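What follows is one structure encoded as structure tokens, with my remarks underneath.
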Amino acid sequence: MYKFLEEITINTWPAKYSAQMNGWLVRYADGYTKRANSVSPIYLDPGCDVEGSIAAAERFYRDAGQPVIFKMTPYVMPSDLDERLAGRGYVQVDLSSVRILDLQRETAPAADPGLHVVFRDRLDTGWLEQMSLMNGIPGHGQSVLAHTLASTPLQQGFFLLKQGSETVAAGLGVIQEGWLGLYDIVTHPDFRQRGMGFQLIQRMLAWGREQGAHSSFLQVVQANEAACRLYDKLGYRHIYSYWYRVLK
């Protein structure tokens, strides 16, 4: 039912290099994030050799000097791929939740007069530096991320939430086909548990509505209990789970 969301997440978070392999999409981005350095097996050419395709993907990532990773969803093809990978020694990591929100039913954000947003419609060094500092992204990761975000023609919104002159939270919104995807949501460690993430996302959702988005989606690791509580409070509902299979 929600297979189209997998396509949208692929488009809204592009990889440095992508290739078709018997219908599977093989993605590479110098190792920055699993979603951009994994196989998305949501399509498969009829009658192809599945075990041969797995072996080809393994060769691709080994040649690139990267771990071999498959993103597993309810829409993988073939349907027994998870069992096949487990049998080859792949382990499951990062069980995650895909969540959606109907923007047409949401109200305007409750503004905190002590907070304001710095918004950019394209990547700039200020956003990249602040978000990377709060997320602990090193220099190489920043370079890959900058290349990734600059490579898409999709509409983007870069948000910094500030209290006075201090940045307290950051996030990225990307819109495709009426869907607003939220990425890189982070709160400064000194300001956590104060509702800053809630305030930031409310402003991001308001921007999405202004741009004509009818719905929002996000992906969150289920072990991140604080983030899950925040998204519950905002009204996001779980629609399906995904995880990664990593060859050890």
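Ordered as shown in the structure tokens, chains take letters A, B, and onward, while each chain numbers its residues from 1 and ligands are numbered from 1 in the order shown.
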
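If you count only C-alpha atoms and ignore residues fewer than 5 places along the chain from A:Tyr17, what sits within 8 Å of it is Arg27, Tyr28 and Ala29 of chain A.
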
Sorted by chain and rising residue number, list the residues of stretch 18-76 of chain A at most 10 Å from stretch 131-152 of chain A (counting only C-alpha atoms), each with its closest atom pair and distance in Å to one decimal, as CSV.
```
residue,atom,partner,partner_atom,distance
A:Ala29,CA,A:Val144,CA,7.0
A:Asp30,CA,A:Val144,CA,7.1
A:Gly31,CA,A:Gly141,CA,8.5
A:Tyr32,CA,A:Gly141,CA,6.1
A:Thr33,CA,A:Gly141,CA,9.0
A:Ala36,CA,A:Thr148,CA,9.3
```

Sel. of alpha helix (DSSP H) residues, stretch 55-183 of chain A, as a PyMOL selection string: chain A and resi 55-63+81-87+125-135+139-150

C-alpha atoms of the current selection, written as an mmCIF file, in the first residue's frame:
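That gives us again.cif:
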```cif
data_model
loop_
_atom_site.group_PDB
_atom_site.id
_atom_site.type_symbol
_atom_site.label_atom_id
_atom_site.label_comp_id
_atom_site.auth_asym_id
_atom_site.auth_seq_id
_atom_site.Cartn_x
_atom_site.Cartn_y
_atom_site.Cartn_z
ATOM 1 C CA ALA A 55 26.565 -11.939 -4.989
ATOM 2 C CA ALA A 56 26.848 -9.115 -7.532
ATOM 3 C CA ALA A 57 25.750 -6.575 -4.901
ATOM 4 C CA GLU A 58 28.322 -7.990 -2.503
ATOM 5 C CA ARG A 59 31.069 -7.565 -5.098
ATOM 6 C CA PHE A 60 29.967 -3.988 -5.797
ATOM 7 C CA TYR A 61 30.231 -2.877 -2.166
ATOM 8 C CA ARG A 62 33.408 -4.813 -1.492
ATOM 9 C CA ASP A 63 35.034 -3.185 -4.504
ATOM 10 C CA LEU A 81 14.846 -12.020 0.594
ATOM 11 C CA ASP A 82 15.185 -11.444 4.343
ATOM 12 C CA GLU A 83 15.423 -15.181 4.961
ATOM 13 C CA ARG A 84 17.893 -15.590 2.102
ATOM 14 C CA LEU A 85 20.151 -12.870 3.509
ATOM 15 C CA ALA A 86 19.963 -14.278 7.031
ATOM 16 C CA GLY A 87 21.054 -17.603 5.627
ATOM 17 C CA THR A 125 27.471 26.702 5.402
ATOM 18 C CA GLY A 126 25.684 28.069 8.463
ATOM 19 C CA TRP A 127 23.062 25.323 8.484
ATOM 20 C CA LEU A 128 25.551 22.599 7.595
ATOM 21 C CA GLU A 129 27.981 23.602 10.337
ATOM 22 C CA GLN A 130 25.343 23.950 13.049
ATOM 23 C CA MET A 131 23.489 20.736 12.196
ATOM 24 C CA SER A 132 26.767 18.799 11.893
ATOM 25 C CA LEU A 133 28.000 20.132 15.227
ATOM 26 C CA MET A 134 24.853 18.980 17.025
ATOM 27 C CA ASN A 135 24.820 15.610 15.226
ATOM 28 C CA GLY A 139 34.375 16.809 8.083
ATOM 29 C CA HIS A 140 34.219 14.004 5.497
ATOM 30 C CA GLY A 141 30.571 13.333 6.332
ATOM 31 C CA GLN A 142 29.810 17.025 5.947
ATOM 32 C CA SER A 143 31.405 17.045 2.501
ATOM 33 C CA VAL A 144 29.375 14.021 1.376
ATOM 34 C CA LEU A 145 26.190 15.487 2.839
ATOM 35 C CA ALA A 146 26.751 18.807 1.075
ATOM 36 C CA HIS A 147 27.201 17.003 -2.244
ATOM 37 C CA THR A 148 24.097 14.897 -1.600
ATOM 38 C CA LEU A 149 21.841 17.817 -0.731
ATOM 39 C CA ALA A 150 23.092 19.954 -3.610
#
```

Residue among A:Val246, A:Ile185, A:Met72, A:Leu103 lying closest to A:Ser215, counting only C-alpha atoms: A:Leu103

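You can rank A:Tyr90, A:Gln199, A:Trp13, A:Asn22 by their closest distance to A:Tyr183 using only C-alpha atoms, and at the top of that list sits A:Trp13.
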
Selected residue of minimal separation from A:Met77 among A:Val50, A:Val118, A:Ile42, A:Leu230, counting only C-alpha atoms: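 Checking each of A:Val50, A:Val118, A:Ile42, A:Leu230 against A:Met77, counting only C-alpha atoms, the winner is A:Ile42.
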
Nearest to A:Leu247, chosen from A:Ile10, A:Ile54, A:Leu44, A:Ala227, with only C-alpha atoms counted in the distances: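 The shortest atom-to-atom distance to A:Leu247 comes from A:Ile54.
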
Length of the atom CA of A:Leu5 to atom CA of A:Met21 vector [Å]: 20.7 Å

Minimum-distance residue to A:Glu210, chosen among A:Ala15, A:Lys248, A:Gly195, A:Leu180 (using only C-alpha atoms):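 Closest to A:Glu210, using only C-alpha atoms: A:Leu180.
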
Å distance separating atom CA of A:Trp243 from atom CA of A:Leu95, one decimal place: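 A separation of 4.5 Å between them.
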
All strand (DSSP E) residues (DSSP, backbone) inside stretch 4-247 of chain A, as a ChimeraX atom specification: /A:17-21,24-28,39-40,69-72,90-102,116-120,155-163,166-176,179-187,215-221,237-247

Residue nearest A:Val168 - candidates A:Lys16, A:Arg203, A:His116, A:Arg122, atoms counted: only C-alpha atoms: A:His116

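Within the 10 Å cut-off around A:Val93, using only C-alpha atoms and omitting residues fewer than 5 positions from it on the same chain, the listed residues are A:Ile69, A:Lys71, A:Val221, A:Tyr242, A:Trp243, A:Tyr244, A:Arg245, A:Val246.
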